[in-house]
>>> print(open('structure_21.txt').read())   # compact mmCIF, C-alpha atoms
# COMPACT_ATOMS: atom_id res chain seq x y z
CA MET A 93 6.59 47.02 59.17
CA ALA A 94 9.98 48.40 58.45
CA SER A 95 11.49 44.92 58.47
CA PHE A 96 8.84 43.84 56.01
CA GLN A 97 9.80 46.69 53.69
CA ALA A 98 13.45 45.71 53.95
CA VAL A 99 12.65 42.12 53.06
CA LYS A 100 10.47 43.22 50.22
CA LYS A 101 13.18 45.51 48.94
CA SER A 102 15.80 42.81 49.10
CA LEU A 103 13.64 40.34 47.21
CA ASN A 104 12.28 42.61 44.56
CA LEU A 105 13.91 44.19 41.64
CA ALA A 106 15.51 47.57 41.81
CA PRO A 107 12.90 50.24 42.48
CA THR A 108 13.27 52.09 39.25
CA VAL A 109 12.89 49.17 36.89
CA ARG A 110 9.13 49.54 36.60
CA THR A 111 7.73 52.31 34.49
CA LEU A 112 4.35 53.97 34.81
CA PRO A 113 2.16 54.24 31.70
CA SER A 114 3.01 57.88 31.55
CA GLY A 115 6.68 57.00 31.13
CA VAL A 116 7.75 58.15 34.55
CA PRO A 117 9.94 55.60 36.32
CA ALA A 118 8.05 54.11 39.23
CA ALA A 119 10.18 54.20 42.31
CA PRO A 120 7.83 53.57 45.23
CA LEU A 121 10.55 53.44 47.91
CA LEU A 122 12.46 56.37 46.56
CA ASN A 123 11.51 59.80 47.78
CA LEU A 124 11.88 61.98 44.75
CA ALA A 125 10.52 64.97 46.60
CA ALA A 126 13.47 65.04 48.95
CA ARG A 127 15.49 68.21 48.72
CA ALA A 128 19.10 68.87 49.34
CA PRO A 129 19.89 70.45 52.67
CA ALA A 130 19.70 74.24 52.67
CA ASP A 131 23.25 74.71 53.80
CA HIS A 132 24.63 72.69 51.13
CA HIS A 133 27.87 71.70 52.57
CA GLY A 134 27.51 72.73 56.08
CA HIS A 135 28.97 69.91 57.97
CA GLY A 136 32.01 71.45 59.51
CA HIS A 137 35.24 70.89 57.66
CA SER A 138 36.73 74.18 56.56
CA SER A 139 39.74 74.69 54.36
CA GLY A 140 40.18 73.99 50.64
CA PRO A 141 37.82 74.55 47.70
CA ARG A 142 34.41 73.14 48.12
CA VAL A 143 34.04 69.97 46.17
CA ASP A 144 30.35 70.40 45.53
CA ALA A 145 30.54 74.01 44.39
CA PRO A 146 29.99 74.47 40.65
CA PRO A 147 33.10 75.44 38.74
CA SER A 148 33.46 79.00 37.58
CA TRP A 149 32.90 78.18 33.92
CA ALA A 150 29.44 76.81 34.65
CA GLY A 151 28.24 80.22 35.65
CA GLY A 152 27.83 81.79 39.00
CA VAL A 153 27.40 85.04 40.75
CA SER A 154 29.70 87.96 40.08
CA LYS A 155 29.73 91.52 41.29
CA SER A 156 29.35 94.34 38.78
CA HIS A 157 28.65 98.01 38.88
CA PHE A 158 24.98 97.43 38.53
CA GLY A 159 24.76 94.99 41.31
CA LEU A 160 24.95 91.28 41.59
CA PHE A 161 25.09 89.57 38.28
CA THR A 162 24.20 85.93 37.87
CA LYS A 163 25.14 84.04 34.81
CA THR A 164 24.49 80.36 34.02
CA PHE A 165 25.76 78.58 30.98
CA THR A 166 23.23 76.03 29.87
CA THR A 167 25.84 74.49 27.65
CA ALA A 168 29.13 74.31 29.36
CA PRO A 169 32.10 75.22 27.20
CA ALA A 170 34.32 72.35 26.26
CA SER A 171 36.94 71.79 28.83
CA LYS A 172 39.23 69.99 26.43
CA PRO A 173 39.80 69.83 22.67
CA PHE A 174 36.71 68.99 20.68
CA GLN A 175 36.37 65.40 19.66
CA GLN A 176 34.00 64.22 16.96
CA ARG A 177 31.88 61.35 18.22
CA LEU A 178 31.44 58.97 15.33
CA LEU A 179 29.32 56.51 17.23
CA HIS A 180 26.03 58.02 18.16
CA THR A 181 22.45 57.06 18.72
CA SER A 182 20.73 60.13 17.41
CA ALA A 183 18.49 59.92 14.36
CA VAL A 184 19.97 60.35 10.91
CA VAL A 185 18.88 63.49 9.21
CA LYS A 186 16.94 62.69 6.08
CA ASP A 187 15.33 64.68 3.31
CA ALA A 188 11.81 63.68 4.19
CA PRO A 189 11.83 62.17 7.64
CA ASP A 190 8.17 61.13 7.50
CA VAL A 191 8.65 58.83 4.53
CA PRO A 192 9.98 55.38 5.48
CA ASP A 193 13.11 54.15 3.85
CA TYR A 194 12.09 51.61 1.24
CA SER A 195 15.48 51.17 -0.31
CA GLN A 196 15.82 47.76 1.32
CA TYR A 197 12.72 46.57 -0.47
CA ARG A 198 13.48 47.92 -3.90
CA VAL A 199 14.46 45.24 -6.44
CA LYS A 200 18.02 45.29 -7.56
CA SER A 201 17.30 44.43 -11.19
CA ALA A 202 13.97 44.94 -12.90
CA ASP A 203 14.83 42.41 -15.63
CA ASN A 204 15.42 39.63 -13.15
CA SER A 205 12.18 40.20 -11.32
CA ARG A 206 10.22 40.45 -14.55
CA ALA A 207 11.64 37.13 -15.75
CA LEU A 208 10.96 35.58 -12.34
CA SER A 209 7.34 36.72 -12.42
CA TYR A 210 6.81 35.19 -15.83
CA VAL A 211 8.54 31.98 -14.73
CA MET A 212 6.25 31.69 -11.73
CA VAL A 213 3.15 32.27 -13.85
CA GLY A 214 4.40 29.78 -16.42
CA THR A 215 5.12 27.15 -13.79
CA MET A 216 1.61 27.58 -12.48
CA GLY A 217 0.34 27.09 -16.02
CA VAL A 218 2.46 23.98 -16.49
CA LEU A 219 1.20 22.42 -13.29
CA SER A 220 -2.44 23.23 -13.92
CA ALA A 221 -2.21 21.99 -17.51
CA SER A 222 -0.72 18.71 -16.24
CA VAL A 223 -3.46 18.38 -13.65
CA ALA A 224 -6.17 19.08 -16.22
CA LYS A 225 -4.66 16.67 -18.72
CA SER A 226 -4.32 13.86 -16.20
CA SER A 227 -7.84 14.48 -14.87
CA VAL A 228 -9.32 14.21 -18.34
CA SER A 229 -7.30 11.15 -19.29
CA GLU A 230 -8.03 9.38 -16.01
CA PHE A 231 -11.71 10.09 -16.48
CA LEU A 232 -11.60 8.71 -20.01
CA GLN A 233 -9.78 5.64 -18.80
CA THR A 234 -12.69 4.80 -16.55
CA MET A 235 -14.71 4.25 -19.73
CA ALA A 236 -12.12 1.96 -21.28
CA ALA A 237 -12.51 -1.77 -21.05
CA SER A 238 -10.70 -3.33 -18.15
CA ALA A 239 -7.96 -5.89 -18.63
CA ASP A 240 -10.12 -8.93 -17.90
CA VAL A 241 -12.66 -7.81 -20.50
CA LEU A 242 -9.92 -7.21 -23.05
CA ALA A 243 -8.48 -10.64 -22.36
CA LEU A 244 -11.81 -12.25 -23.27
CA ALA A 245 -12.48 -10.01 -26.23
CA LYS A 246 -10.45 -12.04 -28.73
CA VAL A 247 -10.48 -15.76 -29.42
CA GLU A 248 -7.94 -17.66 -31.45
CA VAL A 249 -9.00 -20.81 -33.24
CA ASP A 250 -6.65 -23.25 -34.87
CA ILE A 251 -8.45 -23.75 -38.19
CA SER A 252 -5.93 -26.15 -39.63
CA ALA A 253 -7.52 -28.89 -37.53
CA ILE A 254 -11.00 -28.39 -39.07
CA PRO A 255 -11.55 -30.73 -42.03
CA GLU A 256 -13.46 -29.66 -45.10
CA GLY A 257 -17.22 -29.82 -44.76
CA LYS A 258 -17.27 -29.70 -40.97
CA ASN A 259 -18.71 -27.27 -38.45
CA VAL A 260 -16.98 -26.13 -35.32
CA ILE A 261 -18.76 -24.22 -32.57
CA ILE A 262 -16.69 -22.15 -30.19
CA LYS A 263 -17.62 -19.72 -27.46
CA TRP A 264 -16.78 -16.07 -27.93
CA ARG A 265 -17.93 -13.34 -25.55
CA GLY A 266 -20.48 -15.70 -24.11
CA LYS A 267 -22.05 -16.54 -27.45
CA PRO A 268 -21.57 -19.48 -29.78
CA VAL A 269 -19.69 -18.89 -33.01
CA PHE A 270 -20.09 -21.21 -36.00
CA ILE A 271 -17.03 -21.87 -38.11
CA ARG A 272 -17.75 -23.80 -41.28
CA HIS A 273 -15.03 -25.13 -43.55
CA ARG A 274 -17.06 -25.16 -46.73
CA THR A 275 -16.50 -27.43 -49.67
CA GLN A 276 -16.16 -26.06 -53.16
CA ALA A 277 -19.70 -27.24 -54.00
CA GLU A 278 -21.07 -25.31 -51.04
CA ILE A 279 -19.21 -22.20 -52.06
CA ASP A 280 -20.60 -22.45 -55.58
CA GLU A 281 -24.07 -22.96 -54.21
CA ALA A 282 -23.80 -19.98 -51.89
CA ARG A 283 -22.45 -17.70 -54.57
CA SER A 284 -24.78 -18.74 -57.35
CA ALA A 285 -27.92 -17.97 -55.37
CA ASN A 286 -29.85 -14.91 -56.43
CA TRP A 287 -29.28 -13.05 -53.17
CA LYS A 288 -31.04 -9.87 -54.24
CA THR A 289 -34.41 -11.47 -53.73
CA PHE A 290 -33.67 -12.56 -50.19
CA ARG A 291 -35.27 -11.10 -47.12
CA ASP A 292 -31.96 -9.58 -45.98
CA PRO A 293 -30.07 -9.20 -49.25
CA GLU A 294 -26.39 -9.80 -48.77
CA SER A 295 -23.88 -11.42 -51.06
CA ASP A 296 -21.72 -14.29 -49.96
CA GLU A 297 -18.61 -12.34 -50.93
CA ALA A 298 -19.55 -9.66 -48.43
CA ARG A 299 -20.06 -12.20 -45.66
CA THR A 300 -16.83 -14.14 -45.96
CA LYS A 301 -13.22 -13.06 -46.03
CA LYS A 302 -12.08 -16.34 -47.48
CA PRO A 303 -14.68 -18.29 -49.43
CA GLU A 304 -13.94 -21.62 -47.73
CA TRP A 305 -14.31 -20.23 -44.22
CA LEU A 306 -17.68 -19.04 -42.99
CA VAL A 307 -17.66 -17.44 -39.55
CA MET A 308 -20.97 -16.44 -37.96
CA LEU A 309 -22.53 -15.79 -34.61
CA GLY A 310 -24.64 -18.84 -33.78
CA VAL A 311 -27.60 -16.85 -32.51
CA CYS A 312 -30.85 -16.93 -34.43
CA THR A 313 -31.84 -13.42 -35.39
CA HIS A 314 -35.43 -14.15 -34.56
CA LEU A 315 -35.43 -14.76 -30.82
CA GLY A 316 -31.92 -15.86 -30.02
CA CYS A 317 -31.98 -19.65 -30.14
CA VAL A 318 -28.95 -21.53 -31.36
CA PRO A 319 -29.60 -22.99 -34.82
CA ILE A 320 -28.67 -26.57 -35.67
CA GLY A 321 -26.00 -27.06 -38.29
CA GLU A 322 -26.31 -29.02 -41.52
CA ALA A 323 -30.07 -28.97 -41.33
CA GLY A 324 -32.98 -27.14 -42.85
CA ASP A 325 -34.34 -26.83 -46.34
CA PHE A 326 -31.30 -24.99 -47.71
CA GLY A 327 -28.49 -27.21 -46.46
CA GLY A 328 -27.35 -24.68 -43.93
CA TRP A 329 -28.74 -24.07 -40.46
CA PHE A 330 -32.16 -24.61 -38.96
CA CYS A 331 -33.49 -23.00 -35.83
CA PRO A 332 -35.59 -25.51 -33.89
CA CYS A 333 -37.44 -22.93 -31.85
CA HIS A 334 -39.57 -21.31 -34.54
CA GLY A 335 -38.35 -22.95 -37.72
CA SER A 336 -36.09 -20.43 -39.37
CA HIS A 337 -33.99 -21.77 -42.23
CA TYR A 338 -30.56 -20.42 -43.11
CA ASP A 339 -28.58 -21.31 -46.19
CA ILE A 340 -24.96 -22.35 -46.47
CA SER A 341 -23.91 -18.70 -46.23
CA GLY A 342 -25.99 -18.14 -43.07
CA ARG A 343 -28.61 -16.04 -44.80
CA ALA A 344 -32.21 -16.16 -43.61
CA ARG A 345 -34.23 -17.92 -46.30
CA LYS A 346 -37.38 -19.17 -44.63
CA GLY A 347 -39.22 -18.78 -41.35
CA PRO A 348 -39.59 -15.83 -39.00
CA ALA A 349 -35.90 -14.78 -38.86
CA PRO A 350 -35.70 -11.18 -40.12
CA LEU A 351 -31.95 -10.96 -40.70
CA ASN A 352 -29.00 -13.09 -41.72
CA LEU A 353 -26.80 -14.64 -39.08
CA GLU A 354 -24.38 -12.00 -37.88
CA VAL A 355 -20.77 -12.16 -39.03
CA PRO A 356 -18.37 -11.06 -36.30
CA ALA A 357 -15.18 -9.19 -37.01
CA HIS A 358 -12.56 -11.82 -37.69
CA ASP A 359 -9.16 -12.12 -39.23
CA PHE A 360 -6.94 -14.87 -40.54
CA ASN A 361 -3.43 -15.43 -39.33
CA ASP A 362 -2.03 -17.38 -42.26
CA ALA A 363 1.43 -17.81 -40.80
CA GLU A 364 0.18 -19.84 -37.86
CA GLY A 365 -2.97 -21.18 -39.52
CA LYS A 366 -5.22 -19.45 -37.01
CA LEU A 367 -8.45 -17.57 -37.06
CA VAL A 368 -8.75 -14.60 -34.73
CA ILE A 369 -12.28 -13.60 -33.81
CA GLY A 370 -12.76 -10.21 -32.26
CA MET B 141 22.36 41.05 -22.33
CA SER B 142 21.78 39.12 -19.19
CA LEU B 143 20.30 35.66 -18.88
CA SER B 144 16.93 36.91 -17.66
CA ASN B 145 16.68 39.26 -20.63
CA THR B 146 17.47 36.42 -23.01
CA ILE B 147 14.82 34.21 -21.46
CA TYR B 148 12.29 37.01 -21.56
CA SER B 149 12.83 37.86 -25.18
CA THR B 150 12.84 34.22 -26.36
CA ILE B 151 9.94 32.78 -24.38
CA PHE B 152 7.84 35.35 -22.60
CA LYS B 153 7.66 38.17 -25.06
CA ARG B 154 5.12 36.62 -27.43
CA ASN B 155 2.10 35.11 -25.80
CA SER B 156 1.81 32.43 -28.47
CA VAL B 157 5.34 31.23 -27.77
CA TYR B 158 4.67 31.47 -24.06
CA VAL B 159 1.51 29.35 -24.19
CA ALA B 160 3.07 26.85 -26.57
CA SER B 161 6.09 26.43 -24.32
CA VAL B 162 3.81 26.03 -21.31
CA PHE B 163 1.93 23.20 -23.02
CA THR B 164 5.13 21.59 -24.22
CA ALA B 165 6.54 21.80 -20.72
CA ALA B 166 3.33 20.31 -19.33
CA PHE B 167 3.59 17.40 -21.77
CA ALA B 168 7.24 16.79 -20.88
CA PHE B 169 6.48 17.20 -17.20
CA GLY B 170 3.70 14.62 -17.41
CA ILE B 171 5.96 12.08 -19.09
CA GLY B 172 8.81 12.79 -16.71
CA PHE B 173 6.56 12.64 -13.68
CA ASP B 174 5.03 9.33 -14.78
CA SER B 175 8.36 7.71 -15.51
CA GLY B 176 9.84 9.07 -12.31
CA VAL B 177 6.99 7.71 -10.22
CA THR B 178 7.19 4.38 -12.03
CA THR B 179 10.91 4.15 -11.44
CA PHE B 180 10.44 4.97 -7.80
CA TRP B 181 7.65 2.40 -7.51
CA ASP B 182 9.77 -0.30 -9.10
CA SER B 183 12.74 0.44 -6.91
CA TRP B 184 10.59 0.64 -3.81
CA ASN B 185 8.91 -2.71 -4.59
CA LYS B 186 12.00 -4.41 -5.92
CA GLY B 187 11.70 -8.16 -5.76
CA LYS B 188 7.95 -8.14 -5.15
CA GLN B 189 6.54 -7.67 -8.62
CA TRP B 190 5.81 -10.38 -11.14
CA LYS B 191 8.37 -9.09 -13.61
CA ASP B 192 11.05 -9.44 -10.94
CA ILE B 193 10.18 -12.98 -9.87
CA ARG B 194 9.06 -14.26 -13.25
CA ASP B 195 12.39 -16.01 -13.86
CA LYS B 196 11.84 -18.30 -10.89
CA TYR B 197 8.67 -19.79 -12.31
CA VAL B 198 8.76 -19.55 -16.09
CA GLN B 199 12.19 -20.99 -16.80
CA ASN B 200 10.96 -24.58 -16.37
CA ASP B 201 8.22 -24.26 -18.96
CA GLU B 202 10.48 -23.36 -21.88
CA GLU B 203 7.55 -22.60 -24.05
>>> encode(input="structure_21.txt", output="structure tokens")
Amino acid sequence: MASFQAVKKSLNLAPTVRTLPSGVPAAPLLNLAARAPADHHGHGHSSGPRVDAPPSWAGGVSKSHFGLFTKTFTTAPASKPFQQRLLHTSAVVKDAPDVPDYSQYRVKSADNSRALSYVMVGTMGVLSASVAKSSVSEFLQTMAASADVLALAKVEVDISAIPEGKNVIIKWRGKPVFIRHRTQAEIDEARSANWKTFRDPESDEARTKKPEWLVMLGVCTHLGCVPIGEAGDFGGWFCPCHGSHYDISGRARKGPAPLNLEVPAHDFNDAEGKLVIG
Amino acid sequence: MSLSNTIYSTIFKRNSVYVASVFTAAFAFGIGFDSGVTTFWDSWNKGKQWKDIRDKYVQNDEE
């Protein structure tokens, strides 16, 4: 068993490394209860001062008139000139030792930290305003027409190729559009009619931007058939489905059609001789 | 007067100026962010977009 203890001792750490929860160093192989021998230097050699005897300044026994007198200095007097120890590990004496030292955490300049606080708040505001603005504008852009719709929204027609007194039918947004290059006689006829008595009273001036060009949606206002050009009782258009008659300005004159033929938004590009519908 | 004091007294002191400068900065930030992202996108996709390779195809038409 002794050899086992020796092996254990040689392999393990030093016996006093471990500490008990109470703070006492745990030294299992060290006998702290051992006492010094009673004759404390009694092993034979004689002459000379005893090395292990305390020096006279540490106290000791002296003889007086009253008997034996024992004196022990708990603090030994300095044996050499006093030296101030500048490096020490004792606690610094403070005014109020219970209050922690917050001087490390105090700001150096109150102005700087105030400005920094406002800058941080303002940056937060800038970022959130940007986010809100882009959210709203992105949401609104989902309602906007997409590029393919916008590309089909306008139609350009070269009207210089249309001779006087002829109809041209083009397709615009999936619907037919009538373009009539009217003669002067047709214009006079359209403008001289007493339009106030019509079913859908509308003057020819209000329906055309240029008197010789009549642009209308070719959809009958009754049930959506496509009227036939240069037909009908009024020299304009005639719907074959239910017999609505339109005059040379596209106004409903006879039959079940309740309204005039619709005039789409259009514009003339005189420089290139083009008509832009849409 | 230090720089932080100058900034405080010009921008932060009045709330109206503060809010107005925040909105102005948000507007400028939005524009800058958009253009920055666009520039990065164009440089990242250099040579792949139609505006980069348009010269190869359109020069023959001479419209």
>>> residues_around(input="structure_21.txt", residues="Tyr158 in chain B", least_positions_apart="4", cutoff="12 Å", atoms="all atoms listed in the file", output="PyMOL selection string")
(chain A and resi 210-211+213-215+217-218) or (chain B and resi 147-154+162-165)
>>> interface_residues(input="structure_21.txt", of="chain A", to="chain B", cutoff="12 Å", atoms="all atoms listed in the file", output="PyMOL selection string")
chain A and resi 201-227+229
>>> residues_around(input="structure_21.txt", residues="range 289-304 of chain A", least_positions_apart="4", cutoff="8 Å", atoms="all atoms listed in the file", output="list in words")
Arg272, His273, Arg274, Thr275, Gln276, Ile279, Ala282, Arg283, Ser341, Arg343, Ala344, Arg345, Pro350, Leu351, Asn352, Val355 and Asp359 of chain A
>>> build_atoms(input="structure_21.txt", residues="range 168-194 of chain B", atoms="N, CA and C atoms", output="PDB file, in the coordinates of the input")
ATOM      1  N   ALA B 168       5.983  17.405 -21.332  1.00  0.00           N
ATOM      2  CA  ALA B 168       7.240  16.790 -20.880  1.00  0.00           C
ATOM      3  C   ALA B 168       7.186  16.501 -19.387  1.00  0.00           C
ATOM      4  N   PHE B 169       6.579  17.412 -18.647  1.00  0.00           N
ATOM      5  CA  PHE B 169       6.480  17.200 -17.200  1.00  0.00           C
ATOM      6  C   PHE B 169       5.631  15.972 -16.884  1.00  0.00           C
ATOM      7  N   GLY B 170       4.534  15.802 -17.649  1.00  0.00           N
ATOM      8  CA  GLY B 170       3.700  14.620 -17.410  1.00  0.00           C
ATOM      9  C   GLY B 170       4.460  13.331 -17.658  1.00  0.00           C
ATOM     10  N   ILE B 171       5.189  13.294 -18.781  1.00  0.00           N
ATOM     11  CA  ILE B 171       5.960  12.080 -19.090  1.00  0.00           C
ATOM     12  C   ILE B 171       7.032  11.851 -18.021  1.00  0.00           C
ATOM     13  N   GLY B 172       7.742  12.940 -17.698  1.00  0.00           N
ATOM     14  CA  GLY B 172       8.810  12.790 -16.710  1.00  0.00           C
ATOM     15  C   GLY B 172       8.278  12.385 -15.352  1.00  0.00           C
ATOM     16  N   PHE B 173       7.150  12.968 -14.977  1.00  0.00           N
ATOM     17  CA  PHE B 173       6.560  12.640 -13.680  1.00  0.00           C
ATOM     18  C   PHE B 173       6.131  11.173 -13.646  1.00  0.00           C
ATOM     19  N   ASP B 174       5.477  10.728 -14.727  1.00  0.00           N
ATOM     20  CA  ASP B 174       5.030   9.330 -14.780  1.00  0.00           C
ATOM     21  C   ASP B 174       6.211   8.377 -14.697  1.00  0.00           C
ATOM     22  N   SER B 175       7.228   8.651 -15.511  1.00  0.00           N
ATOM     23  CA  SER B 175       8.360   7.710 -15.510  1.00  0.00           C
ATOM     24  C   SER B 175       9.107   7.769 -14.185  1.00  0.00           C
ATOM     25  N   GLY B 176       9.170   8.970 -13.603  1.00  0.00           N
ATOM     26  CA  GLY B 176       9.840   9.070 -12.310  1.00  0.00           C
ATOM     27  C   GLY B 176       9.102   8.286 -11.232  1.00  0.00           C
ATOM     28  N   VAL B 177       7.785   8.434 -11.213  1.00  0.00           N
ATOM     29  CA  VAL B 177       6.990   7.710 -10.220  1.00  0.00           C
ATOM     30  C   VAL B 177       7.094   6.198 -10.453  1.00  0.00           C
ATOM     31  N   THR B 178       7.085   5.798 -11.733  1.00  0.00           N
ATOM     32  CA  THR B 178       7.190   4.380 -12.030  1.00  0.00           C
ATOM     33  C   THR B 178       8.546   3.818 -11.591  1.00  0.00           C
ATOM     34  N   THR B 179       9.580   4.590 -11.865  1.00  0.00           N
ATOM     35  CA  THR B 179      10.910   4.150 -11.440  1.00  0.00           C
ATOM     36  C   THR B 179      10.991   4.027  -9.928  1.00  0.00           C
ATOM     37  N   PHE B 180      10.428   5.024  -9.263  1.00  0.00           N
ATOM     38  CA  PHE B 180      10.440   4.970  -7.800  1.00  0.00           C
ATOM     39  C   PHE B 180       9.647   3.772  -7.302  1.00  0.00           C
ATOM     40  N   TRP B 181       8.509   3.518  -7.917  1.00  0.00           N
ATOM     41  CA  TRP B 181       7.650   2.400  -7.510  1.00  0.00           C
ATOM     42  C   TRP B 181       8.399   1.083  -7.702  1.00  0.00           C
ATOM     43  N   ASP B 182       9.058   0.949  -8.843  1.00  0.00           N
ATOM     44  CA  ASP B 182       9.770  -0.300  -9.100  1.00  0.00           C
ATOM     45  C   ASP B 182      10.915  -0.503  -8.132  1.00  0.00           C
ATOM     46  N   SER B 183      11.615   0.601  -7.835  1.00  0.00           N
ATOM     47  CA  SER B 183      12.740   0.440  -6.910  1.00  0.00           C
ATOM     48  C   SER B 183      12.258   0.194  -5.489  1.00  0.00           C
ATOM     49  N   TRP B 184      11.124   0.819  -5.164  1.00  0.00           N
ATOM     50  CA  TRP B 184      10.590   0.640  -3.810  1.00  0.00           C
ATOM     51  C   TRP B 184      10.079  -0.801  -3.629  1.00  0.00           C
ATOM     52  N   ASN B 185       9.472  -1.360  -4.669  1.00  0.00           N
ATOM     53  CA  ASN B 185       8.910  -2.710  -4.590  1.00  0.00           C
ATOM     54  C   ASN B 185       9.798  -3.726  -5.287  1.00  0.00           C
ATOM     55  N   LYS B 186      11.080  -3.501  -5.227  1.00  0.00           N
ATOM     56  CA  LYS B 186      12.000  -4.410  -5.920  1.00  0.00           C
ATOM     57  C   LYS B 186      11.894  -5.806  -5.322  1.00  0.00           C
ATOM     58  N   GLY B 187      11.783  -6.782  -6.212  1.00  0.00           N
ATOM     59  CA  GLY B 187      11.700  -8.160  -5.760  1.00  0.00           C
ATOM     60  C   GLY B 187      10.302  -8.615  -5.402  1.00  0.00           C
ATOM     61  N   LYS B 188       9.310  -7.742  -5.507  1.00  0.00           N
ATOM     62  CA  LYS B 188       7.950  -8.140  -5.150  1.00  0.00           C
ATOM     63  C   LYS B 188       7.061  -8.287  -6.368  1.00  0.00           C
ATOM     64  N   GLN B 189       7.447  -7.683  -7.479  1.00  0.00           N
ATOM     65  CA  GLN B 189       6.540  -7.670  -8.620  1.00  0.00           C
ATOM     66  C   GLN B 189       6.779  -8.900  -9.489  1.00  0.00           C
ATOM     67  N   TRP B 190       5.775  -9.173 -10.305  1.00  0.00           N
ATOM     68  CA  TRP B 190       5.810 -10.380 -11.140  1.00  0.00           C
ATOM     69  C   TRP B 190       6.989 -10.321 -12.108  1.00  0.00           C
ATOM     70  N   LYS B 191       7.277  -9.142 -12.634  1.00  0.00           N
ATOM     71  CA  LYS B 191       8.370  -9.090 -13.610  1.00  0.00           C
ATOM     72  C   LYS B 191       9.721  -9.336 -12.942  1.00  0.00           C
ATOM     73  N   ASP B 192       9.790  -9.159 -11.631  1.00  0.00           N
ATOM     74  CA  ASP B 192      11.050  -9.440 -10.940  1.00  0.00           C
ATOM     75  C   ASP B 192      11.199 -10.926 -10.629  1.00  0.00           C
ATOM     76  N   ILE B 193      10.088 -11.586 -10.302  1.00  0.00           N
ATOM     77  CA  ILE B 193      10.180 -12.980  -9.870  1.00  0.00           C
ATOM     78  C   ILE B 193       9.764 -13.945 -10.957  1.00  0.00           C
ATOM     79  N   ARG B 194       9.542 -13.409 -12.170  1.00  0.00           N
ATOM     80  CA  ARG B 194       9.060 -14.260 -13.250  1.00  0.00           C
ATOM     81  C   ARG B 194      10.077 -15.356 -13.579  1.00  0.00           C
TER      82      ARG B 194
END
